[in-house]
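> Input: one structure, supplied below.
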Amino acid sequence: MNVVVFGASGMVGQGVLRACLLDPTVGSVLVVGRRPLGITHPKLTEILHDDFTDLSAIADRLTGLDACFYCLGVSSAGMSEPEYTRVTHDFTLAAAHTVLAASPGPTFTYVSGEGTDSTEQGRTMWARVKGRTENALLALPMNAYMFRPGYIQPRHGAVSRTRSYRVMYTLTSWCYPLLHRLVPAHTTTTEHLGRAMLALTRPGVTASRVLYSKDINRLGA
């Protein structure tokens with residue numbers, strides 16, 4: 001199986017990339033990013049690209065893919081709606097359309113978030129934009145899955161690129177086992193996320209197109 005990962009330098013992307021490199025069913029992993037990851041692996045190939053609204057220059061490198069794991073994202077804190085829409089919606093749809101044209105019928109997994117607003121009409125900006133992005137992906141002719149995790153615990157050295165998140169994880173990591181026991185339907189890990197994405201490449205695993213933490217944990221167990 002050949003896969004591409006967008007956002008592999010982020011916390012979730014690091015977990016997904018690790019799962020792909022460890023899985024014997026994955027033959028090659030293509031990573032699209034702005035800067036080198038700084039790691040080497042026999043399965044791994046990196047493409048450096050700047051403009052994520054236009055991937056036409058690298059479209060010929062996206063052929064023969066079985067799955068696209070889209071983990072690229074930013075915090076909405078301090079961003080206007082147009083700015084957040086460009087990164088969250090426009091980047092994602094550009095990747096989806098390019099991958100679909102180059103490799104028809106792929107499995108496409110998008111990391112959204114718990115609280116995403118499918119109506120696109122709510123008062124919370126990030127939730128509206130995520131909902132608009134999900135709806136657009138689900139309308140495309142591919143096996144698209146939306147991941148809506150709640151709290152995500154980093155595993156195996158995965159680190160958030162957002163400073164405030166890094167501080168939060170440092171302060172709260174010790175209590176994750178208790179948190180997961182109290183609210184298991186709203187907590188997961190980067191390890192479960194990665195393994196769940198790979199599980200979705202197998203036919204008949206789930207009929208649901210929108211998956212929450214409890215679904216992610218079941219698939220990634």
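Following the order of the structure tokens, first chain is A, next is B, and so on, with residues numbered from 1 inside each chain and ligands from 1 in the order they appear.
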Excluding same-chain residues fewer than 4 positions from region 76-79 of chain A, what lies within 7 Å of it counting only C-alpha atoms, as an MDAnalysis selection string?
chainID A and resid 83:84 126
> For the helix (DSSP H, G or I) assignment from backbone DSSP, which residues of chain A qualify? Please present them as an MDAnalysis selection string.
chainID A and resid 11:22 56:61 81:102 125:138 163:182 184:186 190:199 213:220
> Which of these, A:Gly38, A:Pro24, A:Gly15, A:Gly113, has the shortest distance to Val74 (chain A) once you count only C-alpha atoms?
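Distance minimum relative to Val74 (chain A) lands on A:Gly113.
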> Do you have, as a tab-separated table, the list of residues of region 44-145 of chain A lying at most 12 Å from region 184-198 of chain A, each with its nearest atom pair and that distance in Å to one decimal, counting only C-alpha atoms and ordered by chain then number?

```
residue	atom	partner	partner_atom	distance
A:Asp66	CA	A:Leu198	CA	10.6
A:Ala67	CA	A:Leu198	CA	8.6
A:Cys68	CA	A:Met197	CA	9.4
A:Phe69	CA	A:Met197	CA	7.2
A:Tyr70	CA	A:Met197	CA	10.0
A:Cys71	CA	A:Gly194	CA	10.2
A:Thr107	CA	A:Met197	CA	9.2
A:Phe108	CA	A:Met197	CA	9.0
A:Thr109	CA	A:Met197	CA	6.7
A:Tyr110	CA	A:Met197	CA	9.4
A:Val111	CA	A:Leu193	CA	9.2
A:Ser112	CA	A:Leu193	CA	11.9
A:Gly113	CA	A:His186	CA	10.6
A:Glu114	CA	A:His186	CA	8.2
A:Gly115	CA	A:His186	CA	10.9
A:Asn143	CA	A:Met197	CA	11.9
A:Ala144	CA	A:Met197	CA	10.9
A:Tyr145	CA	A:Met197	CA	8.9
```
> Suppose we keep N, CA and C atoms; can you now write the selection as a PDB file, in the first residue's frame?

```pdb
ATOM      1  N   ASP A  66      -2.848   4.777  -2.520  1.00  0.00           N
ATOM      2  CA  ASP A  66      -4.019   4.073  -2.003  1.00  0.00           C
ATOM      3  C   ASP A  66      -4.731   4.877  -0.916  1.00  0.00           C
ATOM      4  N   ALA A  67      -3.992   5.758  -0.245  1.00  0.00           N
ATOM      5  CA  ALA A  67      -4.594   6.514   0.857  1.00  0.00           C
ATOM      6  C   ALA A  67      -3.888   7.840   1.057  1.00  0.00           C
ATOM      7  N   CYS A  68      -4.667   8.826   1.508  1.00  0.00           N
ATOM      8  CA  CYS A  68      -4.142  10.135   1.890  1.00  0.00           C
ATOM      9  C   CYS A  68      -4.576  10.411   3.313  1.00  0.00           C
ATOM     10  N   PHE A  69      -3.610  10.638   4.191  1.00  0.00           N
ATOM     11  CA  PHE A  69      -3.895  10.954   5.587  1.00  0.00           C
ATOM     12  C   PHE A  69      -3.596  12.439   5.796  1.00  0.00           C
ATOM     13  N   TYR A  70      -4.656  13.232   5.925  1.00  0.00           N
ATOM     14  CA  TYR A  70      -4.499  14.680   5.967  1.00  0.00           C
ATOM     15  C   TYR A  70      -4.543  15.152   7.421  1.00  0.00           C
ATOM     16  N   CYS A  71      -3.370  15.517   7.938  1.00  0.00           N
ATOM     17  CA  CYS A  71      -3.237  15.900   9.348  1.00  0.00           C
ATOM     18  C   CYS A  71      -2.817  17.356   9.510  1.00  0.00           C
ATOM     19  N   THR A 107      -8.513   6.276  -0.283  1.00  0.00           N
ATOM     20  CA  THR A 107      -9.066   6.510   1.048  1.00  0.00           C
ATOM     21  C   THR A 107      -8.490   7.839   1.533  1.00  0.00           C
ATOM     22  N   PHE A 108      -9.362   8.753   1.953  1.00  0.00           N
ATOM     23  CA  PHE A 108      -8.922  10.080   2.394  1.00  0.00           C
ATOM     24  C   PHE A 108      -9.409  10.285   3.817  1.00  0.00           C
ATOM     25  N   THR A 109      -8.482  10.455   4.736  1.00  0.00           N
ATOM     26  CA  THR A 109      -8.838  10.656   6.139  1.00  0.00           C
ATOM     27  C   THR A 109      -8.427  12.053   6.575  1.00  0.00           C
ATOM     28  N   TYR A 110      -9.395  12.796   7.102  1.00  0.00           N
ATOM     29  CA  TYR A 110      -9.191  14.193   7.493  1.00  0.00           C
ATOM     30  C   TYR A 110      -9.343  14.327   9.004  1.00  0.00           C
ATOM     31  N   VAL A 111      -8.361  14.948   9.637  1.00  0.00           N
ATOM     32  CA  VAL A 111      -8.429  15.170  11.080  1.00  0.00           C
ATOM     33  C   VAL A 111      -9.146  16.479  11.335  1.00  0.00           C
ATOM     34  N   SER A 112     -10.358  16.381  11.829  1.00  0.00           N
ATOM     35  CA  SER A 112     -11.189  17.535  12.129  1.00  0.00           C
ATOM     36  C   SER A 112     -11.139  17.762  13.651  1.00  0.00           C
ATOM     37  N   GLY A 113     -12.247  17.643  14.331  1.00  0.00           N
ATOM     38  CA  GLY A 113     -12.224  17.809  15.781  1.00  0.00           C
ATOM     39  C   GLY A 113     -13.608  17.684  16.382  1.00  0.00           C
ATOM     40  N   GLU A 114     -13.653  17.238  17.612  1.00  0.00           N
ATOM     41  CA  GLU A 114     -14.923  17.147  18.328  1.00  0.00           C
ATOM     42  C   GLU A 114     -15.533  18.544  18.448  1.00  0.00           C
ATOM     43  N   GLY A 115     -16.809  18.674  18.149  1.00  0.00           N
ATOM     44  CA  GLY A 115     -17.464  19.974  18.180  1.00  0.00           C
ATOM     45  C   GLY A 115     -17.608  20.608  16.813  1.00  0.00           C
ATOM     46  N   ASN A 143     -13.436   7.451  -0.792  1.00  0.00           N
ATOM     47  CA  ASN A 143     -13.734   6.946   0.547  1.00  0.00           C
ATOM     48  C   ASN A 143     -13.172   7.929   1.567  1.00  0.00           C
ATOM     49  N   ALA A 144     -13.987   8.913   1.924  1.00  0.00           N
ATOM     50  CA  ALA A 144     -13.539   9.971   2.826  1.00  0.00           C
ATOM     51  C   ALA A 144     -14.051   9.723   4.233  1.00  0.00           C
ATOM     52  N   TYR A 145     -13.168   9.912   5.202  1.00  0.00           N
ATOM     53  CA  TYR A 145     -13.516   9.730   6.608  1.00  0.00           C
ATOM     54  C   TYR A 145     -13.090  10.958   7.394  1.00  0.00           C
TER      55      TYR A 145
END
```
